[in-house]
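To be precise, the following lines are run-v3.pdb, and they hold PDB, N, CA and C atoms.
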```
ATOM      1  N   MET C   1      23.162 -37.130   0.775
ATOM      2  CA  MET C   1      22.832 -38.466   1.218
ATOM      3  C   MET C   1      22.429 -39.357   0.046
ATOM      4  N   ILE C   2      21.527 -38.871  -0.790
ATOM      5  CA  ILE C   2      21.079 -39.663  -1.935
ATOM      6  C   ILE C   2      22.239 -39.870  -2.905
ATOM      7  N   LYS C   3      23.003 -38.810  -3.143
ATOM      8  CA  LYS C   3      24.147 -38.906  -4.049
ATOM      9  C   LYS C   3      25.139 -39.953  -3.534
ATOM     10  N   ASN C   4      25.392 -39.949  -2.232
ATOM     11  CA  ASN C   4      26.317 -40.918  -1.643
ATOM     12  C   ASN C   4      25.800 -42.343  -1.794
ATOM     13  N   ARG C   5      24.511 -42.511  -1.626
ATOM     14  CA  ARG C   5      23.946 -43.857  -1.746
ATOM     15  C   ARG C   5      24.042 -44.351  -3.185
ATOM     16  N   ILE C   6      23.808 -43.479  -4.153
ATOM     17  CA  ILE C   6      23.940 -43.859  -5.562
ATOM     18  C   ILE C   6      25.385 -44.270  -5.844
ATOM     19  N   GLU C   7      26.338 -43.514  -5.310
ATOM     20  CA  GLU C   7      27.749 -43.859  -5.481
ATOM     21  C   GLU C   7      28.067 -45.209  -4.858
ATOM     22  N   THR C   8      27.437 -45.507  -3.724
ATOM     23  CA  THR C   8      27.615 -46.810  -3.080
ATOM     24  C   THR C   8      27.067 -47.921  -3.965
ATOM     25  N   ILE C   9      25.913 -47.701  -4.557
ATOM     26  CA  ILE C   9      25.318 -48.693  -5.461
ATOM     27  C   ILE C   9      26.264 -48.948  -6.630
ATOM     28  N   GLN C  10      26.772 -47.873  -7.234
ATOM     29  CA  GLN C  10      27.703 -48.016  -8.358
ATOM     30  C   GLN C  10      28.939 -48.801  -7.942
ATOM     31  N   SER C  11      29.490 -48.458  -6.804
ATOM     32  CA  SER C  11      30.692 -49.130  -6.309
ATOM     33  C   SER C  11      30.434 -50.608  -6.041
ATOM     34  N   THR C  12      29.300 -50.905  -5.441
ATOM     35  CA  THR C  12      28.950 -52.294  -5.149
ATOM     36  C   THR C  12      28.887 -53.110  -6.429
ATOM     37  N   ILE C  13      28.251 -52.563  -7.448
ATOM     38  CA  ILE C  13      28.122 -53.272  -8.721
ATOM     39  C   ILE C  13      29.477 -53.409  -9.396
ATOM     40  N   GLU C  14      30.229 -52.319  -9.455
ATOM     41  CA  GLU C  14      31.532 -52.333 -10.124
ATOM     42  C   GLU C  14      32.508 -53.308  -9.485
ATOM     43  N   SER C  15      32.511 -53.400  -8.174
ATOM     44  CA  SER C  15      33.497 -54.219  -7.478
ATOM     45  C   SER C  15      33.071 -55.676  -7.294
ATOM     46  N   SER C  16      31.847 -56.003  -7.639
ATOM     47  CA  SER C  16      31.363 -57.371  -7.429
ATOM     48  C   SER C  16      31.984 -58.340  -8.431
ATOM     49  N   GLY C  17      32.499 -59.413  -7.903
ATOM     50  CA  GLY C  17      33.002 -60.484  -8.754
ATOM     51  C   GLY C  17      31.916 -61.491  -9.106
ATOM     52  N   ASN C  18      30.717 -61.279  -8.577
ATOM     53  CA  ASN C  18      29.617 -62.215  -8.788
ATOM     54  C   ASN C  18      28.614 -61.746  -9.834
ATOM     55  N   ILE C  19      28.910 -60.629 -10.470
ATOM     56  CA  ILE C  19      28.029 -60.104 -11.503
ATOM     57  C   ILE C  19      28.788 -60.167 -12.823
ATOM     58  N   PRO C  20      28.257 -60.859 -13.824
ATOM     59  CA  PRO C  20      28.931 -60.929 -15.127
ATOM     60  C   PRO C  20      29.096 -59.532 -15.740
ATOM     61  N   ALA C  21      30.146 -59.357 -16.527
ATOM     62  CA  ALA C  21      30.492 -58.051 -17.105
ATOM     63  C   ALA C  21      29.329 -57.426 -17.870
ATOM     64  N   GLU C  22      28.633 -58.213 -18.654
ATOM     65  CA  GLU C  22      27.505 -57.684 -19.434
ATOM     66  C   GLU C  22      26.389 -57.181 -18.520
ATOM     67  N   ALA C  23      26.110 -57.924 -17.467
ATOM     68  CA  ALA C  23      25.083 -57.518 -16.504
ATOM     69  C   ALA C  23      25.530 -56.277 -15.738
ATOM     70  N   LYS C  24      26.821 -56.200 -15.407
ATOM     71  CA  LYS C  24      27.342 -55.007 -14.729
ATOM     72  C   LYS C  24      27.094 -53.766 -15.577
ATOM     73  N   ALA C  25      27.418 -53.879 -16.852
ATOM     74  CA  ALA C  25      27.247 -52.729 -17.750
ATOM     75  C   ALA C  25      25.790 -52.295 -17.791
ATOM     76  N   GLU C  26      24.879 -53.254 -17.880
ATOM     77  CA  GLU C  26      23.451 -52.935 -17.906
ATOM     78  C   GLU C  26      23.020 -52.275 -16.602
ATOM     79  N   LEU C  27      23.425 -52.848 -15.475
ATOM     80  CA  LEU C  27      23.041 -52.295 -14.177
ATOM     81  C   LEU C  27      23.610 -50.894 -13.975
ATOM     82  N   LEU C  28      24.847 -50.685 -14.373
ATOM     83  CA  LEU C  28      25.453 -49.359 -14.211
ATOM     84  C   LEU C  28      24.754 -48.317 -15.075
ATOM     85  N   GLU C  29      24.325 -48.722 -16.251
ATOM     86  CA  GLU C  29      23.553 -47.813 -17.105
ATOM     87  C   GLU C  29      22.229 -47.454 -16.433
ATOM     88  N   LEU C  30      21.587 -48.441 -15.843
ATOM     89  CA  LEU C  30      20.323 -48.204 -15.151
ATOM     90  C   LEU C  30      20.523 -47.340 -13.905
ATOM     91  N   VAL C  31      21.622 -47.534 -13.209
ATOM     92  CA  VAL C  31      21.914 -46.719 -12.027
ATOM     93  C   VAL C  31      22.127 -45.262 -12.440
ATOM     94  N   ALA C  32      22.764 -45.041 -13.576
ATOM     95  CA  ALA C  32      22.938 -43.669 -14.067
ATOM     96  C   ALA C  32      21.582 -43.015 -14.325
ATOM     97  N   GLY C  33      20.670 -43.773 -14.918
ATOM     98  CA  GLY C  33      19.314 -43.262 -15.134
ATOM     99  C   GLY C  33      18.588 -43.044 -13.820
ATOM    100  N   LEU C  34      18.769 -43.962 -12.899
ATOM    101  CA  LEU C  34      18.149 -43.839 -11.576
ATOM    102  C   LEU C  34      18.651 -42.582 -10.867
ATOM    103  N   LYS C  35      19.940 -42.327 -10.970
ATOM    104  CA  LYS C  35      20.533 -41.154 -10.334
ATOM    105  C   LYS C  35      19.856 -39.877 -10.822
ATOM    106  N   SER C  36      19.712 -39.759 -12.109
ATOM    107  CA  SER C  36      19.094 -38.572 -12.685
ATOM    108  C   SER C  36      17.641 -38.424 -12.231
ATOM    109  N   GLU C  37      16.905 -39.500 -12.294
ATOM    110  CA  GLU C  37      15.485 -39.461 -11.940
ATOM    111  C   GLU C  37      15.276 -39.196 -10.451
ATOM    112  N   VAL C  38      16.074 -39.816  -9.615
ATOM    113  CA  VAL C  38      15.925 -39.656  -8.165
ATOM    114  C   VAL C  38      16.315 -38.245  -7.740
ATOM    115  N   GLN C  39      17.337 -37.686  -8.363
ATOM    116  CA  GLN C  39      17.714 -36.312  -8.031
ATOM    117  C   GLN C  39      16.570 -35.356  -8.342
ATOM    118  N   SER C  40      15.903 -35.581  -9.447
ATOM    119  CA  SER C  40      14.756 -34.756  -9.807
ATOM    120  C   SER C  40      13.632 -34.926  -8.784
ATOM    121  N   LEU C  41      13.348 -36.157  -8.425
ATOM    122  CA  LEU C  41      12.286 -36.443  -7.460
ATOM    123  C   LEU C  41      12.601 -35.857  -6.090
ATOM    124  N   SER C  42      13.859 -35.875  -5.695
ATOM    125  CA  SER C  42      14.222 -35.434  -4.349
ATOM    126  C   SER C  42      13.940 -33.956  -4.103
ATOM    127  N   ALA C  43      13.823 -33.183  -5.173
ATOM    128  CA  ALA C  43      13.519 -31.762  -5.003
ATOM    129  C   ALA C  43      12.135 -31.550  -4.381
ATOM    130  N   THR C  44      11.211 -32.466  -4.668
ATOM    131  CA  THR C  44       9.843 -32.323  -4.159
ATOM    132  C   THR C  44       9.427 -33.445  -3.207
ATOM    133  N   HIS C  45      10.089 -34.587  -3.286
ATOM    134  CA  HIS C  45       9.729 -35.756  -2.476
ATOM    135  C   HIS C  45      11.008 -36.409  -1.935
ATOM    136  N   HIS C  46      11.687 -35.697  -1.061
ATOM    137  CA  HIS C  46      12.993 -36.162  -0.595
ATOM    138  C   HIS C  46      12.920 -37.513   0.121
ATOM    139  N   GLU C  47      11.962 -37.702   0.993
ATOM    140  CA  GLU C  47      11.863 -38.966   1.741
ATOM    141  C   GLU C  47      11.621 -40.147   0.815
ATOM    142  N   GLU C  48      10.764 -39.951  -0.173
ATOM    143  CA  GLU C  48      10.478 -41.021  -1.117
ATOM    144  C   GLU C  48      11.716 -41.334  -1.961
ATOM    145  N   ALA C  49      12.419 -40.299  -2.395
ATOM    146  CA  ALA C  49      13.640 -40.501  -3.178
ATOM    147  C   ALA C  49      14.675 -41.253  -2.348
ATOM    148  N   SER C  50      14.758 -40.922  -1.090
ATOM    149  CA  SER C  50      15.683 -41.599  -0.191
ATOM    150  C   SER C  50      15.313 -43.072  -0.031
ATOM    151  N   SER C  51      14.037 -43.370   0.087
ATOM    152  CA  SER C  51      13.587 -44.763   0.207
ATOM    153  C   SER C  51      13.927 -45.557  -1.049
ATOM    154  N   ILE C  52      13.701 -44.957  -2.193
ATOM    155  CA  ILE C  52      14.001 -45.636  -3.459
ATOM    156  C   ILE C  52      15.482 -45.990  -3.514
ATOM    157  N   THR C  53      16.345 -45.038  -3.161
ATOM    158  CA  THR C  53      17.780 -45.321  -3.235
ATOM    159  C   THR C  53      18.217 -46.337  -2.179
ATOM    160  N   ARG C  54      17.583 -46.327  -1.012
ATOM    161  CA  ARG C  54      17.924 -47.329   0.005
ATOM    162  C   ARG C  54      17.578 -48.733  -0.476
ATOM    163  N   PHE C  55      16.380 -48.888  -1.039
ATOM    164  CA  PHE C  55      15.991 -50.211  -1.527
ATOM    165  C   PHE C  55      16.829 -50.635  -2.734
ATOM    166  N   ALA C  56      17.209 -49.694  -3.573
ATOM    167  CA  ALA C  56      18.085 -50.010  -4.701
ATOM    168  C   ALA C  56      19.449 -50.465  -4.188
ATOM    169  N   ASP C  57      19.930 -49.817  -3.141
ATOM    170  CA  ASP C  57      21.209 -50.179  -2.536
ATOM    171  C   ASP C  57      21.156 -51.601  -1.970
ATOM    172  N   VAL C  58      20.119 -51.896  -1.226
ATOM    173  CA  VAL C  58      19.977 -53.238  -0.643
ATOM    174  C   VAL C  58      19.861 -54.282  -1.751
ATOM    175  N   SER C  59      19.117 -53.974  -2.789
ATOM    176  CA  SER C  59      18.963 -54.900  -3.913
ATOM    177  C   SER C  59      20.301 -55.156  -4.598
ATOM    178  N   ALA C  60      21.073 -54.089  -4.818
ATOM    179  CA  ALA C  60      22.392 -54.243  -5.433
ATOM    180  C   ALA C  60      23.309 -55.074  -4.537
ATOM    181  N   HIS C  61      23.227 -54.847  -3.246
ATOM    182  CA  HIS C  61      24.031 -55.633  -2.305
ATOM    183  C   HIS C  61      23.680 -57.118  -2.410
ATOM    184  N   GLU C  62      22.395 -57.410  -2.470
ATOM    185  CA  GLU C  62      21.967 -58.814  -2.526
ATOM    186  C   GLU C  62      22.444 -59.495  -3.810
ATOM    187  N   VAL C  63      22.423 -58.787  -4.933
ATOM    188  CA  VAL C  63      22.857 -59.399  -6.186
ATOM    189  C   VAL C  63      24.372 -59.589  -6.215
ATOM    190  N   SER C  64      25.091 -58.796  -5.449
ATOM    191  CA  SER C  64      26.553 -58.888  -5.458
ATOM    192  C   SER C  64      27.095 -59.970  -4.525
ATOM    193  N   ARG C  65      26.262 -60.490  -3.669
ATOM    194  CA  ARG C  65      26.708 -61.500  -2.703
ATOM    195  C   ARG C  65      27.058 -62.809  -3.393
ATOM    196  N   SER C  66      28.063 -63.486  -2.878
ATOM    197  CA  SER C  66      28.425 -64.784  -3.444
ATOM    198  C   SER C  66      27.405 -65.858  -3.055
ATOM    199  N   ARG C  67      26.867 -65.744  -1.848
ATOM    200  CA  ARG C  67      25.825 -66.677  -1.400
ATOM    201  C   ARG C  67      24.545 -65.878  -1.221
ATOM    202  N   LYS C  68      23.717 -65.927  -2.228
ATOM    203  CA  LYS C  68      22.488 -65.138  -2.220
ATOM    204  C   LYS C  68      21.449 -65.746  -1.278
ATOM    205  N   ASN C  69      20.711 -64.884  -0.638
ATOM    206  CA  ASN C  69      19.617 -65.293   0.232
ATOM    207  C   ASN C  69      18.330 -64.908  -0.481
ATOM    208  N   ALA C  70      17.609 -65.897  -0.987
ATOM    209  CA  ALA C  70      16.414 -65.644  -1.793
ATOM    210  C   ALA C  70      15.368 -64.826  -1.049
ATOM    211  N   GLU C  71      15.211 -65.074   0.221
ATOM    212  CA  GLU C  71      14.211 -64.350   1.007
ATOM    213  C   GLU C  71      14.582 -62.869   1.141
ATOM    214  N   LEU C  72      15.833 -62.590   1.449
ATOM    215  CA  LEU C  72      16.279 -61.199   1.551
ATOM    216  C   LEU C  72      16.200 -60.489   0.202
ATOM    217  N   ALA C  73      16.569 -61.206  -0.837
ATOM    218  CA  ALA C  73      16.521 -60.625  -2.181
ATOM    219  C   ALA C  73      15.094 -60.263  -2.562
ATOM    220  N   GLU C  74      14.172 -61.143  -2.303
ATOM    221  CA  GLU C  74      12.768 -60.883  -2.637
ATOM    222  C   GLU C  74      12.226 -59.717  -1.822
ATOM    223  N   THR C  75      12.584 -59.646  -0.557
ATOM    224  CA  THR C  75      12.147 -58.533   0.289
ATOM    225  C   THR C  75      12.689 -57.207  -0.247
ATOM    226  N   ALA C  76      13.956 -57.199  -0.638
ATOM    227  CA  ALA C  76      14.566 -55.976  -1.177
ATOM    228  C   ALA C  76      13.870 -55.542  -2.467
ATOM    229  N   LEU C  77      13.609 -56.482  -3.345
ATOM    230  CA  LEU C  77      12.944 -56.139  -4.610
ATOM    231  C   LEU C  77      11.503 -55.687  -4.386
ATOM    232  N   GLN C  78      10.809 -56.317  -3.456
ATOM    233  CA  GLN C  78       9.447 -55.881  -3.141
ATOM    234  C   GLN C  78       9.458 -54.454  -2.599
ATOM    235  N   GLY C  79      10.416 -54.167  -1.740
ATOM    236  CA  GLY C  79      10.542 -52.814  -1.196
ATOM    237  C   GLY C  79      10.855 -51.810  -2.284
ATOM    238  N   LEU C  80      11.728 -52.177  -3.201
ATOM    239  CA  LEU C  80      12.077 -51.288  -4.307
ATOM    240  C   LEU C  80      10.856 -50.998  -5.170
ATOM    241  N   ARG C  81      10.123 -52.031  -5.500
ATOM    242  CA  ARG C  81       8.918 -51.833  -6.325
ATOM    243  C   ARG C  81       7.857 -51.023  -5.571
ATOM    244  N   ALA C  82       7.702 -51.283  -4.293
ATOM    245  CA  ALA C  82       6.712 -50.553  -3.491
ATOM    246  C   ALA C  82       7.092 -49.083  -3.337
ATOM    247  N   SER C  83       8.383 -48.800  -3.340
ATOM    248  CA  SER C  83       8.841 -47.423  -3.121
ATOM    249  C   SER C  83       8.472 -46.478  -4.264
ATOM    250  N   ILE C  84       8.120 -47.017  -5.419
ATOM    251  CA  ILE C  84       7.759 -46.158  -6.556
ATOM    252  C   ILE C  84       6.256 -46.081  -6.785
ATOM    253  N   GLN C  85       5.495 -46.796  -5.977
ATOM    254  CA  GLN C  85       4.044 -46.754  -6.139
ATOM    255  C   GLN C  85       3.536 -45.335  -5.952
ATOM    256  N   GLY C  86       2.637 -44.935  -6.814
ATOM    257  CA  GLY C  86       2.060 -43.608  -6.739
ATOM    258  C   GLY C  86       2.766 -42.584  -7.614
ATOM    259  N   PHE C  87       3.880 -42.974  -8.229
ATOM    260  CA  PHE C  87       4.615 -42.045  -9.079
ATOM    261  C   PHE C  87       4.431 -42.334 -10.568
ATOM    262  N   GLU C  88       3.543 -43.257 -10.897
ATOM    263  CA  GLU C  88       3.348 -43.642 -12.294
ATOM    264  C   GLU C  88       2.940 -42.455 -13.161
ATOM    265  N   ASP C  89       2.068 -41.596 -12.659
ATOM    266  CA  ASP C  89       1.592 -40.454 -13.441
ATOM    267  C   ASP C  89       2.550 -39.268 -13.389
ATOM    268  N   SER C  90       3.088 -38.986 -12.217
ATOM    269  CA  SER C  90       3.912 -37.791 -12.065
ATOM    270  C   SER C  90       5.377 -37.987 -12.471
ATOM    271  N   HIS C  91       5.894 -39.202 -12.370
ATOM    272  CA  HIS C  91       7.296 -39.482 -12.691
ATOM    273  C   HIS C  91       7.422 -40.817 -13.443
ATOM    274  N   PRO C  92       6.838 -40.892 -14.641
ATOM    275  CA  PRO C  92       6.857 -42.165 -15.370
ATOM    276  C   PRO C  92       8.261 -42.646 -15.734
ATOM    277  N   SER C  93       9.194 -41.734 -15.972
ATOM    278  CA  SER C  93      10.567 -42.148 -16.306
ATOM    279  C   SER C  93      11.234 -42.811 -15.106
ATOM    280  N   LEU C  94      10.993 -42.288 -13.918
ATOM    281  CA  LEU C  94      11.531 -42.889 -12.705
ATOM    282  C   LEU C  94      10.986 -44.298 -12.532
ATOM    283  N   VAL C  95       9.696 -44.443 -12.689
ATOM    284  CA  VAL C  95       9.060 -45.758 -12.545
ATOM    285  C   VAL C  95       9.639 -46.739 -13.557
ATOM    286  N   ALA C  96       9.839 -46.280 -14.779
ATOM    287  CA  ALA C  96      10.388 -47.147 -15.827
ATOM    288  C   ALA C  96      11.809 -47.593 -15.485
ATOM    289  N   VAL C  97      12.640 -46.669 -15.024
ATOM    290  CA  VAL C  97      14.024 -47.008 -14.684
ATOM    291  C   VAL C  97      14.059 -47.984 -13.514
ATOM    292  N   VAL C  98      13.275 -47.729 -12.488
ATOM    293  CA  VAL C  98      13.271 -48.616 -11.324
ATOM    294  C   VAL C  98      12.745 -50.000 -11.714
ATOM    295  N   ASN C  99      11.714 -50.044 -12.526
ATOM    296  CA  ASN C  99      11.196 -51.343 -12.966
ATOM    297  C   ASN C  99      12.231 -52.107 -13.794
ATOM    298  N   ARG C 100      12.952 -51.415 -14.656
ATOM    299  CA  ARG C 100      13.998 -52.068 -15.455
ATOM    300  C   ARG C 100      15.129 -52.561 -14.562
ATOM    301  N   PHE C 101      15.497 -51.764 -13.553
ATOM    302  CA  PHE C 101      16.539 -52.159 -12.601
ATOM    303  C   PHE C 101      16.102 -53.413 -11.835
ATOM    304  N   ALA C 102      14.884 -53.406 -11.332
ATOM    305  CA  ALA C 102      14.372 -54.560 -10.588
ATOM    306  C   ALA C 102      14.282 -55.796 -11.479
ATOM    307  N   THR C 103      13.869 -55.614 -12.718
ATOM    308  CA  THR C 103      13.781 -56.734 -13.654
ATOM    309  C   THR C 103      15.163 -57.297 -13.964
ATOM    310  N   ALA C 104      16.129 -56.411 -14.165
ATOM    311  CA  ALA C 104      17.498 -56.861 -14.426
ATOM    312  C   ALA C 104      18.024 -57.678 -13.247
ATOM    313  N   LEU C 105      17.754 -57.206 -12.039
ATOM    314  CA  LEU C 105      18.185 -57.946 -10.855
ATOM    315  C   LEU C 105      17.472 -59.297 -10.767
ATOM    316  N   SER C 106      16.181 -59.290 -11.057
ATOM    317  CA  SER C 106      15.423 -60.551 -11.025
ATOM    318  C   SER C 106      15.969 -61.550 -12.025
ATOM    319  N   ASN C 107      16.330 -61.044 -13.189
ATOM    320  CA  ASN C 107      16.875 -61.926 -14.237
ATOM    321  C   ASN C 107      18.228 -62.504 -13.863
ATOM    322  N   MET C 108      18.880 -61.893 -12.884
ATOM    323  CA  MET C 108      20.178 -62.383 -12.418
ATOM    324  C   MET C 108      20.026 -63.338 -11.247
ATOM    325  N   GLY C 109      18.820 -63.699 -10.938
ATOM    326  CA  GLY C 109      18.616 -64.664  -9.879
ATOM    327  C   GLY C 109      18.119 -64.093  -8.578
ATOM    328  N   LEU C 110      17.786 -62.810  -8.571
ATOM    329  CA  LEU C 110      17.219 -62.221  -7.367
ATOM    330  C   LEU C 110      15.737 -62.351  -7.392
TER     331      LEU C 110
END
```
In structure tokens, what does this structure look like?
Amino acid sequence: MIKNRIETIQSTIESSGNIPAEAKAELLELVAGLKSEVQSLSATHHEEASSITRFADVSAHEVSRSRKNAELAETALQGLRASIQGFEDSHPSLVAVVNRFATALSNMGL
């Protein structure tokens, strides 16, 4: 399930005509890091890992839309950031990747 969602995120970013090539490359690099970190987390915290990937998926969907909805985008990013709370000490690399992903999306107008 998590693997499929990560693949969906990658596909959404790759196929979007609304994301500049440079931003796509950055996001895809971050998704690769997210994939590794979330797979590690899912061994002990499957539900939390699933939530992180769901919010990442929704966030990627919002950035790929031609007509962005600021309210939906903000809700998705808030959910993504909230989904990593409590993992700062135990999974700092995951927190760093998710924060970089959220920041990259924010910088693109989300």
Explicit residue set for the PyMOL selection byres ((chain C and resi 82-93) around 8), as a PDB file with N, CA and C atoms, in the frame of the given file:
```
ATOM      1  N   GLY C  33      20.670 -43.773 -14.918  1.00  0.00           N
ATOM      2  CA  GLY C  33      19.314 -43.262 -15.134  1.00  0.00           C
ATOM      3  C   GLY C  33      18.588 -43.044 -13.820  1.00  0.00           C
ATOM      4  N   LEU C  34      18.769 -43.962 -12.899  1.00  0.00           N
ATOM      5  CA  LEU C  34      18.149 -43.839 -11.576  1.00  0.00           C
ATOM      6  C   LEU C  34      18.651 -42.582 -10.867  1.00  0.00           C
ATOM      7  N   GLU C  37      16.905 -39.500 -12.294  1.00  0.00           N
ATOM      8  CA  GLU C  37      15.485 -39.461 -11.940  1.00  0.00           C
ATOM      9  C   GLU C  37      15.276 -39.196 -10.451  1.00  0.00           C
ATOM     10  N   VAL C  38      16.074 -39.816  -9.615  1.00  0.00           N
ATOM     11  CA  VAL C  38      15.925 -39.656  -8.165  1.00  0.00           C
ATOM     12  C   VAL C  38      16.315 -38.245  -7.740  1.00  0.00           C
ATOM     13  N   LEU C  41      13.348 -36.157  -8.425  1.00  0.00           N
ATOM     14  CA  LEU C  41      12.286 -36.443  -7.460  1.00  0.00           C
ATOM     15  C   LEU C  41      12.601 -35.857  -6.090  1.00  0.00           C
ATOM     16  N   GLU C  48      10.764 -39.951  -0.173  1.00  0.00           N
ATOM     17  CA  GLU C  48      10.478 -41.021  -1.117  1.00  0.00           C
ATOM     18  C   GLU C  48      11.716 -41.334  -1.961  1.00  0.00           C
ATOM     19  N   ALA C  49      12.419 -40.299  -2.395  1.00  0.00           N
ATOM     20  CA  ALA C  49      13.640 -40.501  -3.178  1.00  0.00           C
ATOM     21  C   ALA C  49      14.675 -41.253  -2.348  1.00  0.00           C
ATOM     22  N   SER C  51      14.037 -43.370   0.087  1.00  0.00           N
ATOM     23  CA  SER C  51      13.587 -44.763   0.207  1.00  0.00           C
ATOM     24  C   SER C  51      13.927 -45.557  -1.049  1.00  0.00           C
ATOM     25  N   ILE C  52      13.701 -44.957  -2.193  1.00  0.00           N
ATOM     26  CA  ILE C  52      14.001 -45.636  -3.459  1.00  0.00           C
ATOM     27  C   ILE C  52      15.482 -45.990  -3.514  1.00  0.00           C
ATOM     28  N   THR C  53      16.345 -45.038  -3.161  1.00  0.00           N
ATOM     29  CA  THR C  53      17.780 -45.321  -3.235  1.00  0.00           C
ATOM     30  C   THR C  53      18.217 -46.337  -2.179  1.00  0.00           C
ATOM     31  N   PHE C  55      16.380 -48.888  -1.039  1.00  0.00           N
ATOM     32  CA  PHE C  55      15.991 -50.211  -1.527  1.00  0.00           C
ATOM     33  C   PHE C  55      16.829 -50.635  -2.734  1.00  0.00           C
ATOM     34  N   ALA C  76      13.956 -57.199  -0.638  1.00  0.00           N
ATOM     35  CA  ALA C  76      14.566 -55.976  -1.177  1.00  0.00           C
ATOM     36  C   ALA C  76      13.870 -55.542  -2.467  1.00  0.00           C
ATOM     37  N   LEU C  77      13.609 -56.482  -3.345  1.00  0.00           N
ATOM     38  CA  LEU C  77      12.944 -56.139  -4.610  1.00  0.00           C
ATOM     39  C   LEU C  77      11.503 -55.687  -4.386  1.00  0.00           C
ATOM     40  N   GLN C  78      10.809 -56.317  -3.456  1.00  0.00           N
ATOM     41  CA  GLN C  78       9.447 -55.881  -3.141  1.00  0.00           C
ATOM     42  C   GLN C  78       9.458 -54.454  -2.599  1.00  0.00           C
ATOM     43  N   GLY C  79      10.416 -54.167  -1.740  1.00  0.00           N
ATOM     44  CA  GLY C  79      10.542 -52.814  -1.196  1.00  0.00           C
ATOM     45  C   GLY C  79      10.855 -51.810  -2.284  1.00  0.00           C
ATOM     46  N   LEU C  80      11.728 -52.177  -3.201  1.00  0.00           N
ATOM     47  CA  LEU C  80      12.077 -51.288  -4.307  1.00  0.00           C
ATOM     48  C   LEU C  80      10.856 -50.998  -5.170  1.00  0.00           C
ATOM     49  N   ARG C  81      10.123 -52.031  -5.500  1.00  0.00           N
ATOM     50  CA  ARG C  81       8.918 -51.833  -6.325  1.00  0.00           C
ATOM     51  C   ARG C  81       7.857 -51.023  -5.571  1.00  0.00           C
ATOM     52  N   LEU C  94      10.993 -42.288 -13.918  1.00  0.00           N
ATOM     53  CA  LEU C  94      11.531 -42.889 -12.705  1.00  0.00           C
ATOM     54  C   LEU C  94      10.986 -44.298 -12.532  1.00  0.00           C
ATOM     55  N   VAL C  95       9.696 -44.443 -12.689  1.00  0.00           N
ATOM     56  CA  VAL C  95       9.060 -45.758 -12.545  1.00  0.00           C
ATOM     57  C   VAL C  95       9.639 -46.739 -13.557  1.00  0.00           C
ATOM     58  N   ALA C  96       9.839 -46.280 -14.779  1.00  0.00           N
ATOM     59  CA  ALA C  96      10.388 -47.147 -15.827  1.00  0.00           C
ATOM     60  C   ALA C  96      11.809 -47.593 -15.485  1.00  0.00           C
ATOM     61  N   VAL C  97      12.640 -46.669 -15.024  1.00  0.00           N
ATOM     62  CA  VAL C  97      14.024 -47.008 -14.684  1.00  0.00           C
ATOM     63  C   VAL C  97      14.059 -47.984 -13.514  1.00  0.00           C
ATOM     64  N   VAL C  98      13.275 -47.729 -12.488  1.00  0.00           N
ATOM     65  CA  VAL C  98      13.271 -48.616 -11.324  1.00  0.00           C
ATOM     66  C   VAL C  98      12.745 -50.000 -11.714  1.00  0.00           C
ATOM     67  N   ASN C  99      11.714 -50.044 -12.526  1.00  0.00           N
ATOM     68  CA  ASN C  99      11.196 -51.343 -12.966  1.00  0.00           C
ATOM     69  C   ASN C  99      12.231 -52.107 -13.794  1.00  0.00           C
TER      70      ASN C  99
END
```
Here's the selection I'm unsure about, the PyMOL selection byres ((chain C and resi 6) around 8); applied to the file above, which residues does it give, as an NGL selection string? :C and (1-5 or 7-12 or 31 or 34-35 or 53-54 or 57)
For atom N of Ser106 of chain C and atom CA of Ser50 of chain C, determine how far apart the two atoms are, in Å to one decimal place.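 Rounded to one decimal, the two atoms are 20.8 Å apart.
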Grab the atom C of Gln39 of chain C to atom C of Thr103 of chain C distance for me, in Å with one decimal place. 22.7 Å
Between atom CA of Val63 of chain C and atom C of Met108 of chain C, what is the distance in Å, rounded to a tenth?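 Separating atom CA of Val63 of chain C from atom C of Met108 of chain C is a distance of 7.0 Å.
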Could you write out as JSON the box around segment 77-92 of chain C (axis-aligned, all atoms listed in the file, 8 Å on each side), with centre and edge lengths in Å to one decimal?
```
{"center_x": 7.6, "center_y": -47.1, "center_z": -8.5, "size_x": 28.0, "size_y": 34.7, "size_z": 30.5}
```
Nearest to Phe101 of chain C, chosen from C:Arg67, C:His46, C:Leu30, C:Ala73, with only N, CA and C atoms counted in the distances: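 Using only N, CA and C atoms, the shortest distance to Phe101 of chain C belongs to C:Leu30.
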Give the alpha helix (DSSP H) residues of chain C, as DSSP finds them on the backbone, and put them as a ChimeraX atom specification. /C:2-15,21-42,46-64,70-83,92-107
Looking at C:Thr44, C:Ile19, C:Leu105, C:Glu14, which one is nearest to Ser64 of chain C, with distances taken over only C-alpha atoms? C:Ile19
I need the residue nearest Ser66 of chain C from this list: C:Ser42, C:Asn18, C:Ala32, C:Leu27. Use only C-alpha atoms for the distance.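 Comparing C:Ser42, C:Asn18, C:Ala32, C:Leu27 against Ser66 of chain C, the winner is C:Asn18.
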Nearest candidate to Ala25 of chain C (options C:Ser40, C:Ser59, C:Ala104, C:Arg65; using only C-alpha atoms):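 With only C-alpha atoms as the atom set, the closest residue is C:Ala104.
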